[in-house]
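K.L.:
You'll find data_28.txt just under this line, and it carries compact mmCIF, C-alpha atoms.
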```
# COMPACT_ATOMS: atom_id res chain seq x y z
CA MET A 1 159.24 96.82 119.62
CA PRO A 2 155.46 97.25 120.01
CA LEU A 3 154.08 96.93 123.51
CA PRO A 4 152.17 93.83 124.54
CA GLN A 5 148.50 94.74 124.23
CA ILE A 6 145.20 93.85 125.88
CA ARG A 7 142.30 94.79 123.61
CA VAL A 8 138.93 95.65 125.15
CA GLU A 9 136.12 95.59 122.59
CA LYS A 10 132.98 96.28 124.64
CA PRO A 11 132.02 98.38 127.66
CA LEU A 12 130.69 97.00 130.90
CA LEU A 13 128.02 99.72 131.17
CA HIS A 14 126.48 101.98 128.54
CA ILE A 15 126.03 105.10 130.68
CA ASN A 16 126.95 107.88 128.24
CA CYS A 17 128.90 110.07 130.65
CA SER A 18 129.94 113.48 129.45
CA LEU A 19 133.08 113.42 131.60
CA GLY A 20 133.32 110.11 133.44
CA GLU A 21 136.10 110.17 136.04
CA GLY A 22 137.29 109.16 139.48
CA PRO A 23 136.54 105.41 139.82
CA LEU A 24 136.77 104.23 143.43
CA TYR A 25 136.07 100.65 144.56
CA ASP A 26 134.75 99.85 148.03
CA PRO A 27 135.60 96.21 148.88
CA HIS A 28 133.24 96.21 151.87
CA THR A 29 130.16 96.78 149.72
CA SER A 30 131.43 95.56 146.30
CA THR A 31 130.51 99.01 144.99
CA LEU A 32 132.29 100.99 142.30
CA HIS A 33 131.78 104.71 142.77
CA PHE A 34 132.59 107.14 139.96
CA VAL A 35 131.61 110.62 138.79
CA ASP A 36 130.42 112.53 135.76
CA ILE A 37 132.04 115.90 136.32
CA GLU A 38 130.10 117.76 133.64
CA GLN A 39 126.71 116.32 134.62
CA ASN A 40 127.28 116.79 138.40
CA LYS A 41 126.57 113.11 139.11
CA VAL A 42 128.04 110.50 141.42
CA PHE A 43 127.35 106.90 140.31
CA HIS A 44 127.27 103.82 142.53
CA TYR A 45 127.56 100.48 140.68
CA ASN A 46 127.18 97.33 142.76
CA THR A 47 129.48 94.93 140.98
CA ALA A 48 127.94 91.91 142.72
CA SER A 49 124.27 92.59 141.91
CA GLY A 50 124.75 94.68 138.78
CA THR A 51 122.56 97.52 140.08
CA LEU A 52 123.39 101.13 139.24
CA ASP A 53 122.28 104.24 141.14
CA PHE A 54 123.36 107.86 141.04
CA GLU A 55 123.13 111.05 143.07
CA GLN A 56 122.60 114.43 141.44
CA PHE A 57 124.27 117.58 142.75
CA GLU A 58 124.16 121.27 141.93
CA GLU A 59 127.90 121.47 141.29
CA SER A 60 130.63 119.20 140.02
CA ILE A 61 132.04 116.40 142.14
CA THR A 62 135.50 115.79 140.70
CA CYS A 63 137.00 112.90 142.72
CA LEU A 64 136.07 110.64 145.62
CA ALA A 65 137.53 108.96 148.70
CA LEU A 66 136.22 106.38 151.14
CA ARG A 67 135.96 107.52 154.75
CA ARG A 68 137.84 105.81 157.56
CA GLY A 69 135.39 104.22 159.97
CA ARG A 70 132.43 106.19 158.61
CA LYS A 71 129.78 105.71 156.00
CA GLY A 72 129.56 107.82 152.90
CA LEU A 73 132.21 109.45 150.78
CA ALA A 74 134.57 112.39 150.92
CA CYS A 75 135.18 114.35 147.74
CA ALA A 76 136.68 117.28 145.97
CA THR A 77 134.23 119.56 144.23
CA THR A 78 134.41 122.60 141.98
CA HIS A 79 135.26 124.78 145.01
CA GLY A 80 137.05 122.60 147.53
CA PHE A 81 136.81 119.64 149.91
CA ALA A 82 133.55 118.17 151.23
CA VAL A 83 131.79 115.06 152.45
CA ILE A 84 128.63 113.61 150.95
CA GLU A 85 125.92 112.99 153.53
CA ASP A 86 122.35 112.02 152.55
CA SER A 87 123.00 113.15 148.97
CA LYS A 88 124.08 116.60 150.15
CA LEU A 89 127.47 118.26 150.36
CA ARG A 90 128.89 119.40 153.66
CA TYR A 91 131.87 121.60 152.91
CA LEU A 92 135.09 121.23 154.88
CA SER A 93 137.16 123.83 153.06
CA ARG A 94 136.85 126.25 150.13
CA PRO A 95 140.50 127.25 149.76
CA LEU A 96 140.63 128.86 146.30
CA PRO A 97 141.74 132.51 146.37
CA ALA A 98 138.93 134.90 145.47
CA ALA A 99 140.75 135.98 142.31
CA PHE A 100 140.85 132.36 141.07
CA GLN A 101 137.36 131.15 141.97
CA ALA A 102 135.58 132.06 138.73
CA PHE A 103 138.36 130.71 136.52
CA THR A 104 139.35 127.28 137.83
CA ARG A 105 138.05 124.25 139.72
CA PHE A 106 139.39 121.27 141.55
CA ASN A 107 140.01 118.12 139.57
CA ASP A 108 141.64 114.83 140.58
CA GLY A 109 142.83 113.86 144.04
CA ALA A 110 143.35 111.11 146.62
CA CYS A 111 144.10 110.60 150.31
CA ASP A 112 147.53 109.90 151.75
CA PRO A 113 148.29 107.13 154.30
CA GLN A 114 147.39 109.47 157.20
CA GLY A 115 144.00 110.25 155.64
CA ARG A 116 144.78 113.75 154.40
CA PHE A 117 143.09 114.69 151.11
CA VAL A 118 145.34 115.97 148.32
CA ALA A 119 143.68 117.43 145.20
CA GLY A 120 144.72 119.69 142.36
CA THR A 121 143.19 122.43 140.27
CA LEU A 122 143.08 123.32 136.55
CA TYR A 123 145.11 125.81 134.55
CA ASN A 124 143.29 128.77 132.99
CA LYS A 125 145.60 130.34 130.42
CA ALA A 126 143.32 133.27 129.58
CA HIS A 127 143.26 134.48 133.18
CA ASN A 128 146.77 133.34 134.15
CA VAL A 129 145.49 130.95 136.83
CA PRO A 130 147.92 128.05 137.40
CA GLY A 131 147.07 124.51 138.32
CA GLN A 132 148.06 123.93 141.96
CA LEU A 133 147.97 121.19 144.61
CA TYR A 134 146.15 121.60 147.93
CA ILE A 135 146.08 119.36 150.99
CA TYR A 136 143.27 119.18 153.55
CA ASP A 137 144.15 117.73 156.96
CA PRO A 138 141.02 116.66 158.87
CA SER A 139 142.94 116.26 162.13
CA ARG A 140 143.56 120.02 162.12
CA GLU A 141 140.57 121.01 159.97
CA ALA A 142 143.09 122.96 157.92
CA CYS A 143 143.76 123.32 154.20
CA GLU A 144 147.10 124.46 152.79
CA LEU A 145 148.77 124.89 149.43
CA LEU A 146 150.93 121.79 149.01
CA GLU A 147 152.55 122.70 145.68
CA PRO A 148 152.02 126.11 144.02
CA GLY A 149 152.99 124.85 140.57
CA PRO A 150 152.46 126.27 138.09
CA PHE A 151 150.87 123.15 136.62
CA THR A 152 148.48 122.67 133.74
CA ASP A 153 145.62 120.27 134.52
CA SER A 154 146.25 118.49 137.82
CA ASN A 155 145.49 114.80 137.43
CA GLY A 156 146.19 111.25 138.58
CA LEU A 157 148.08 111.00 141.84
CA GLY A 158 148.91 108.27 144.30
CA TRP A 159 151.58 106.93 146.67
CA THR A 160 154.20 104.21 146.38
CA ASP A 161 157.03 102.95 148.59
CA ASP A 162 154.69 102.70 151.60
CA GLY A 163 153.74 106.35 151.24
CA ALA A 164 157.27 107.70 150.88
CA THR A 165 156.80 108.67 147.22
CA MET A 166 153.92 110.64 145.73
CA LEU A 167 153.18 110.48 141.99
CA PHE A 168 151.36 113.37 140.33
CA THR A 169 150.23 113.89 136.73
CA ASP A 170 150.57 117.26 134.98
CA SER A 171 148.42 116.45 131.96
CA PHE A 172 149.22 119.03 129.29
CA THR A 173 152.98 118.78 129.87
CA ASN A 174 152.59 115.02 129.27
CA LYS A 175 154.56 114.27 132.41
CA ILE A 176 154.09 112.30 135.61
CA TYR A 177 156.22 113.60 138.47
CA ALA A 178 157.51 111.86 141.56
CA TYR A 179 158.03 113.59 144.90
CA ASP A 180 159.50 112.57 148.21
CA TYR A 181 156.55 112.65 150.60
CA ASN A 182 156.92 113.07 154.35
CA ASP A 183 154.15 113.97 156.81
CA GLY A 184 152.11 115.95 154.30
CA LYS A 185 155.09 117.74 152.72
CA VAL A 186 156.63 117.24 149.29
CA SER A 187 160.22 117.68 148.14
CA GLY A 188 162.65 116.33 145.56
CA LYS A 189 160.44 116.83 142.50
CA ARG A 190 161.60 114.74 139.54
CA VAL A 191 160.20 113.38 136.28
CA PHE A 192 158.89 109.83 136.57
CA VAL A 193 157.44 109.69 133.04
CA ASP A 194 157.94 112.00 130.06
CA ALA A 195 155.36 110.48 127.74
CA LEU A 196 156.26 112.33 124.55
CA SER A 197 159.91 111.38 124.83
CA GLN A 198 158.75 107.75 125.01
CA GLY A 199 157.05 108.08 121.64
CA LEU A 200 153.42 108.51 122.71
CA PRO A 201 151.51 110.73 120.27
CA ASP A 202 151.31 114.49 120.67
CA GLY A 203 147.69 115.48 121.24
CA THR A 204 147.15 112.66 123.73
CA TYR A 205 147.62 113.22 127.46
CA PRO A 206 148.03 111.33 130.74
CA ASP A 207 144.93 111.52 132.91
CA GLY A 208 144.04 109.41 135.97
CA LEU A 209 146.20 106.60 137.30
CA CYS A 210 146.25 103.64 139.64
CA ILE A 211 149.05 101.44 140.96
CA ASP A 212 149.30 97.64 141.22
CA LYS A 213 150.90 95.59 143.99
CA ASP A 214 154.19 95.36 142.06
CA GLY A 215 154.45 99.15 141.85
CA GLY A 216 153.32 99.28 138.23
CA VAL A 217 151.59 102.54 137.34
CA TRP A 218 148.54 102.39 135.05
CA SER A 219 148.08 105.77 133.35
CA ALA A 220 144.95 106.54 131.33
CA ARG A 221 145.52 108.42 128.05
CA TRP A 222 143.02 111.15 127.17
CA GLY A 223 142.65 111.18 123.39
CA GLY A 224 144.68 107.99 123.13
CA SER A 225 142.12 105.16 123.48
CA ARG A 226 144.38 103.36 125.92
CA ILE A 227 146.00 102.88 129.30
CA ILE A 228 149.78 102.54 129.55
CA ARG A 229 151.35 100.47 132.31
CA TYR A 230 154.72 101.70 133.55
CA THR A 231 157.20 99.72 135.61
CA ARG A 232 158.49 101.07 138.91
CA GLU A 233 161.31 102.60 136.88
CA GLY A 234 158.93 104.47 134.56
CA LYS A 235 159.34 102.25 131.51
CA MET A 236 156.32 101.27 129.37
CA ASP A 237 155.66 97.53 129.40
CA LEU A 238 151.96 97.04 128.50
CA GLU A 239 149.01 98.86 126.95
CA VAL A 240 145.27 98.30 127.28
CA TYR A 241 143.56 99.41 124.07
CA PHE A 242 139.92 100.52 123.75
CA PRO A 243 139.18 100.83 120.01
CA THR A 244 135.68 102.25 120.49
CA ALA A 245 136.54 104.92 123.10
CA LEU A 246 138.78 107.94 122.50
CA ASN A 247 139.08 109.68 125.89
CA ILE A 248 140.17 107.19 128.55
CA THR A 249 140.12 109.13 131.79
CA ALA A 250 140.90 107.01 134.86
CA CYS A 251 141.18 103.48 136.21
CA THR A 252 141.16 101.55 139.46
CA PHE A 253 141.45 97.97 140.63
CA GLY A 254 138.51 96.22 142.29
CA GLY A 255 136.47 93.06 142.46
CA PRO A 256 136.58 90.23 145.02
CA ASN A 257 140.24 89.47 144.24
CA ASN A 258 141.26 93.06 143.39
CA ASP A 259 142.20 91.98 139.87
CA GLN A 260 139.52 93.72 137.80
CA LEU A 261 140.50 97.04 136.27
CA TYR A 262 137.54 99.44 136.09
CA VAL A 263 137.96 102.21 133.54
CA THR A 264 136.05 105.47 133.00
CA SER A 265 135.90 107.50 129.80
CA ALA A 266 134.55 110.78 128.44
CA HIS A 267 132.49 111.85 125.43
CA CYS A 268 134.52 113.11 122.47
CA GLY A 269 132.92 116.54 122.93
CA ALA A 270 133.92 116.88 126.59
CA CYS A 271 136.16 119.76 127.68
CA GLY A 272 135.79 121.53 124.36
CA GLY A 273 136.59 118.47 122.27
CA ASP A 274 135.26 117.52 118.84
CA ALA A 275 131.84 115.94 119.33
CA ALA A 276 131.83 114.84 115.67
CA ARG A 277 134.43 112.19 116.54
CA GLN A 278 131.84 110.38 118.68
CA ALA A 279 130.63 108.56 115.56
CA ASP A 280 134.04 106.89 115.27
CA TYR A 281 134.35 106.27 119.04
CA PRO A 282 130.77 105.50 120.13
CA ASP A 283 131.73 104.14 123.56
CA SER A 284 133.48 107.32 124.70
CA GLY A 285 131.68 108.07 127.97
CA ASN A 286 130.96 104.45 128.88
CA LEU A 287 132.42 102.31 131.68
CA PHE A 288 134.77 99.40 130.97
CA VAL A 289 136.24 96.53 132.95
CA VAL A 290 139.43 94.61 132.15
CA ASP A 291 139.84 91.10 133.58
CA LEU A 292 143.44 90.92 134.82
CA SER A 293 143.03 87.79 136.94
CA GLY A 294 146.21 85.73 137.04
CA ALA A 295 148.28 88.68 135.83
CA PHE A 296 147.91 91.76 138.05
CA THR A 297 146.30 92.79 141.32
CA GLY A 298 145.81 96.24 142.77
CA GLY A 299 148.20 97.77 145.25
CA GLU A 300 147.75 100.12 148.20
CA TRP A 301 148.23 103.48 146.53
CA ARG A 302 145.45 105.69 147.96
CA PHE A 303 143.81 105.59 151.34
CA GLU A 304 140.69 106.42 153.31
CA PHE A 305 139.86 109.95 154.36
CA ALA A 306 140.34 110.43 158.12
CA GLY A 307 137.43 112.84 158.53
```
Is it possible to give me this structure as structure tokens?

P.N.:
Amino acid sequence: MPLPQIRVEKPLLHINCSLGEGPLYDPHTSTLHFVDIEQNKVFHYNTASGTLDFEQFEESITCLALRRGRKGLACATTHGFAVIEDSKLRYLSRPLPAAFQAFTRFNDGACDPQGRFVAGTLYNKAHNVPGQLYIYDPSREACELLEPGPFTDSNGLGWTDDGATMLFTDSFTNKIYAYDYNDGKVSGKRVFVDALSQGLPDGTYPDGLCIDKDGGVWSARWGGSRIIRYTREGKMDLEVYFPTALNITACTFGGPNNDQLYVTSAHCGACGGDAARQADYPDSGNLFVVDLSGAFTGGEWRFEFAG
């Protein structure tokens, strides 16, 4: 049986990101923050006024987190964990081993209920550098290897069951894993979703995710023009289809009632892709919004950074 489908025909913003990622909604300011990893930009879209600003950096900002009791944002960057202050980066940790630094970077991440920042890195096959998960604890000003992998491209992660379960996406294996999570430690690794075994096309991959209040997991599909919603048990029950965008990268809930799904995307030529496909998918790289009012609202799946 085909999945129920929501079809989204037009973007909210024509911004032409190379690699749009990491949407993060701040309910206190009605601002959607997101990044363009390849263009080293952090965007700030005020959803109430419709104004859009951005900050330019000298290196990639790969994901964002709100700060607990403080202004500004925390982030992962190419090299590690930092905070953004007055449009400048103040590094907290650069944990990559020297032998890895030229061949990988950080990618997606989020903060756990205690405000620790978890973020993962990218696989480099040519230099045998695995994707790995790191955790930065601001209470101890310490960064540790949380999971050595090996993973491919570390992507969407978040917490369910009041923080007792951590979900983590290993993109090129087409799997989302679940872990038992306790006080900054993981155990009990298991497969939550095996996308290919569910019939999703080879050559499309899970990217960022978010989680609704019912525990449903919304997983963006790179190369797949869609987001798949999974039940708490890991079964597909809905898809959101974007016919004019190929690389759907990440999503998050926001808006006054937390029932608007904001969605980032990437140009068809991003990450070594085929730029010629942009003619068929002209909105790849633009920002979308999906009105889910009356159907779904966002859950508490990532948290504010405690530093």

K.L.:
So which one's closest to Glu304 in chain A, A:Asp26, A:Asp36, A:Asp170, A:Asp237? Using all atoms listed in the file, please.

P.N.:
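Nearest candidate to Glu304 in chain A out of A:Asp26, A:Asp36, A:Asp170, A:Asp237: A:Asp26.
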
K.L.:
Rounded to one decimal place, report the CA of Gly109 in chain A-CA of Ser60 in chain A distance in Å.

P.N.:
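A separation of 13.9 Å between them.
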
K.L.:
Please provide as a CSV table (one decimal) with C-alpha atoms, keeping the file's coordinate frame all residues within 8 Å of Ile211 in chain A, with the sequence filter that same-chain residues fewer than 3 positions apart are discarded (counting all atoms listed in the file).

P.N.:
```csv
chain,number,residue,atom,x,y,z
A,158,GLY,CA,148.9,108.3,144.3
A,160,THR,CA,154.2,104.2,146.4
A,215,GLY,CA,154.4,99.2,141.8
A,216,GLY,CA,153.3,99.3,138.2
A,217,VAL,CA,151.6,102.5,137.3
A,218,TRP,CA,148.5,102.4,135.0
A,298,GLY,CA,145.8,96.2,142.8
A,299,GLY,CA,148.2,97.8,145.2
A,300,GLU,CA,147.8,100.1,148.2
A,301,TRP,CA,148.2,103.5,146.5
```

K.L.:
Do a neighbour search on range 68-72 of chain A at 10 Å with only C-alpha atoms, toss out local chain neighbours closer than 2 positions, and write the hits as a VMD selection string.

P.N.:
chain A and resid 65 to 66 74 83 to 87 115 303 to 307

K.L.:
Excluding same-chain residues fewer than 6 positions from His14 in chain A, what lies within 10 Å of it counting all atoms listed in the file, as a ChimeraX atom specification?

P.N.:
/A:283-288

K.L.:
Neighbours of Asp183 in chain A within 12 Å (all atoms listed in the file; same-chain residues fewer than 4 positions away dropped), as a ChimeraX atom specification?

P.N.:
/A:112-116,135,137,146,163-166,187

K.L.:
N, CA, C and O atoms are what I want for range 229-254 of chain A; can you complete it accordingly and write them as an mmCIF file, keeping the file's coordinate frame?

P.N.:
```
data_model
loop_
_atom_site.group_PDB
_atom_site.id
_atom_site.type_symbol
_atom_site.label_atom_id
_atom_site.label_comp_id
_atom_site.auth_asym_id
_atom_site.auth_seq_id
_atom_site.Cartn_x
_atom_site.Cartn_y
_atom_site.Cartn_z
ATOM 1 N N ARG A 229 150.753 100.893 131.042
ATOM 2 C CA ARG A 229 151.350 100.470 132.310
ATOM 3 C C ARG A 229 152.841 100.760 132.282
ATOM 4 O O ARG A 229 153.541 100.431 131.325
ATOM 5 N N TYR A 230 153.305 101.413 133.368
ATOM 6 C CA TYR A 230 154.720 101.700 133.550
ATOM 7 C C TYR A 230 155.277 100.845 134.680
ATOM 8 O O TYR A 230 154.615 100.611 135.687
ATOM 9 N N THR A 231 156.521 100.413 134.529
ATOM 10 C CA THR A 231 157.200 99.720 135.610
ATOM 11 C C THR A 231 157.551 100.717 136.722
ATOM 12 O O THR A 231 157.396 101.931 136.569
ATOM 13 N N ARG A 232 158.057 100.206 137.801
ATOM 14 C CA ARG A 232 158.490 101.070 138.910
ATOM 15 C C ARG A 232 159.550 102.068 138.455
ATOM 16 O O ARG A 232 159.726 103.129 139.071
ATOM 17 N N GLU A 233 160.252 101.727 137.381
ATOM 18 C CA GLU A 233 161.310 102.600 136.880
ATOM 19 C C GLU A 233 160.804 103.583 135.825
ATOM 20 O O GLU A 233 161.578 104.351 135.265
ATOM 21 N N GLY A 234 159.499 103.536 135.515
ATOM 22 C CA GLY A 234 158.930 104.470 134.560
ATOM 23 C C GLY A 234 159.022 104.027 133.110
ATOM 24 O O GLY A 234 158.841 104.850 132.206
ATOM 25 N N LYS A 235 159.253 102.748 132.876
ATOM 26 C CA LYS A 235 159.340 102.250 131.510
ATOM 27 C C LYS A 235 158.002 101.613 131.103
ATOM 28 O O LYS A 235 157.377 100.906 131.890
ATOM 29 N N MET A 236 157.562 101.860 129.867
ATOM 30 C CA MET A 236 156.320 101.270 129.370
ATOM 31 C C MET A 236 156.505 99.771 129.164
ATOM 32 O O MET A 236 157.508 99.344 128.581
ATOM 33 N N ASP A 237 155.529 98.973 129.649
ATOM 34 C CA ASP A 237 155.660 97.530 129.400
ATOM 35 C C ASP A 237 154.361 96.855 128.962
ATOM 36 O O ASP A 237 154.367 95.661 128.653
ATOM 37 N N LEU A 238 153.237 97.632 128.888
ATOM 38 C CA LEU A 238 151.960 97.040 128.500
ATOM 39 C C LEU A 238 151.001 98.169 128.146
ATOM 40 O O LEU A 238 151.082 99.251 128.729
ATOM 41 N N GLU A 239 150.087 97.916 127.189
ATOM 42 C CA GLU A 239 149.010 98.860 126.950
ATOM 43 C C GLU A 239 147.685 98.111 126.908
ATOM 44 O O GLU A 239 147.602 96.961 126.491
ATOM 45 N N VAL A 240 146.644 98.790 127.378
ATOM 46 C CA VAL A 240 145.270 98.300 127.280
ATOM 47 C C VAL A 240 144.583 99.215 126.269
ATOM 48 O O VAL A 240 144.523 100.431 126.474
ATOM 49 N N TYR A 241 144.070 98.627 125.204
ATOM 50 C CA TYR A 241 143.560 99.410 124.070
ATOM 51 C C TYR A 241 142.040 99.288 123.988
ATOM 52 O O TYR A 241 141.492 98.179 124.050
ATOM 53 N N PHE A 242 141.378 100.435 123.829
ATOM 54 C CA PHE A 242 139.920 100.520 123.750
ATOM 55 C C PHE A 242 139.556 101.115 122.378
ATOM 56 O O PHE A 242 139.480 102.339 122.236
ATOM 57 N N PRO A 243 139.354 100.298 121.363
ATOM 58 C CA PRO A 243 139.180 100.830 120.010
ATOM 59 C C PRO A 243 137.927 101.666 119.808
ATOM 60 O O PRO A 243 137.871 102.472 118.873
ATOM 61 N N THR A 244 136.936 101.522 120.679
ATOM 62 C CA THR A 244 135.680 102.250 120.490
ATOM 63 C C THR A 244 135.530 103.444 121.417
ATOM 64 O O THR A 244 134.476 104.078 121.441
ATOM 65 N N ALA A 245 136.583 103.782 122.171
ATOM 66 C CA ALA A 245 136.540 104.920 123.100
ATOM 67 C C ALA A 245 137.797 105.755 122.926
ATOM 68 O O ALA A 245 138.914 105.218 122.973
ATOM 69 N N LEU A 246 137.642 107.062 122.742
ATOM 70 C CA LEU A 246 138.780 107.940 122.500
ATOM 71 C C LEU A 246 139.407 108.432 123.802
ATOM 72 O O LEU A 246 140.610 108.302 124.022
ATOM 73 N N ASN A 247 138.585 109.018 124.684
ATOM 74 C CA ASN A 247 139.080 109.680 125.890
ATOM 75 C C ASN A 247 138.994 108.737 127.089
ATOM 76 O O ASN A 247 137.961 108.647 127.745
ATOM 77 N N ILE A 248 140.085 108.045 127.367
ATOM 78 C CA ILE A 248 140.170 107.190 128.550
ATOM 79 C C ILE A 248 140.661 108.058 129.702
ATOM 80 O O ILE A 248 141.715 108.695 129.607
ATOM 81 N N THR A 249 139.885 108.099 130.774
ATOM 82 C CA THR A 249 140.120 109.130 131.790
ATOM 83 C C THR A 249 140.765 108.641 133.078
ATOM 84 O O THR A 249 141.575 109.361 133.669
ATOM 85 N N ALA A 250 140.389 107.451 133.560
ATOM 86 C CA ALA A 250 140.900 107.010 134.860
ATOM 87 C C ALA A 250 140.644 105.520 135.016
ATOM 88 O O ALA A 250 139.825 104.924 134.299
ATOM 89 N N CYS A 251 141.317 104.922 135.996
ATOM 90 C CA CYS A 251 141.180 103.480 136.210
ATOM 91 C C CYS A 251 141.452 103.159 137.670
ATOM 92 O O CYS A 251 142.138 103.907 138.375
ATOM 93 N N THR A 252 140.893 102.026 138.110
ATOM 94 C CA THR A 252 141.160 101.550 139.460
ATOM 95 C C THR A 252 140.947 100.055 139.518
ATOM 96 O O THR A 252 140.148 99.498 138.750
ATOM 97 N N PHE A 253 141.655 99.400 140.416
ATOM 98 C CA PHE A 253 141.450 97.970 140.630
ATOM 99 C C PHE A 253 140.283 97.741 141.578
ATOM 100 O O PHE A 253 139.987 98.567 142.444
ATOM 101 N N GLY A 254 139.617 96.593 141.410
ATOM 102 C CA GLY A 254 138.510 96.220 142.290
ATOM 103 C C GLY A 254 138.123 94.778 142.055
ATOM 104 O O GLY A 254 138.881 93.997 141.468
#
```
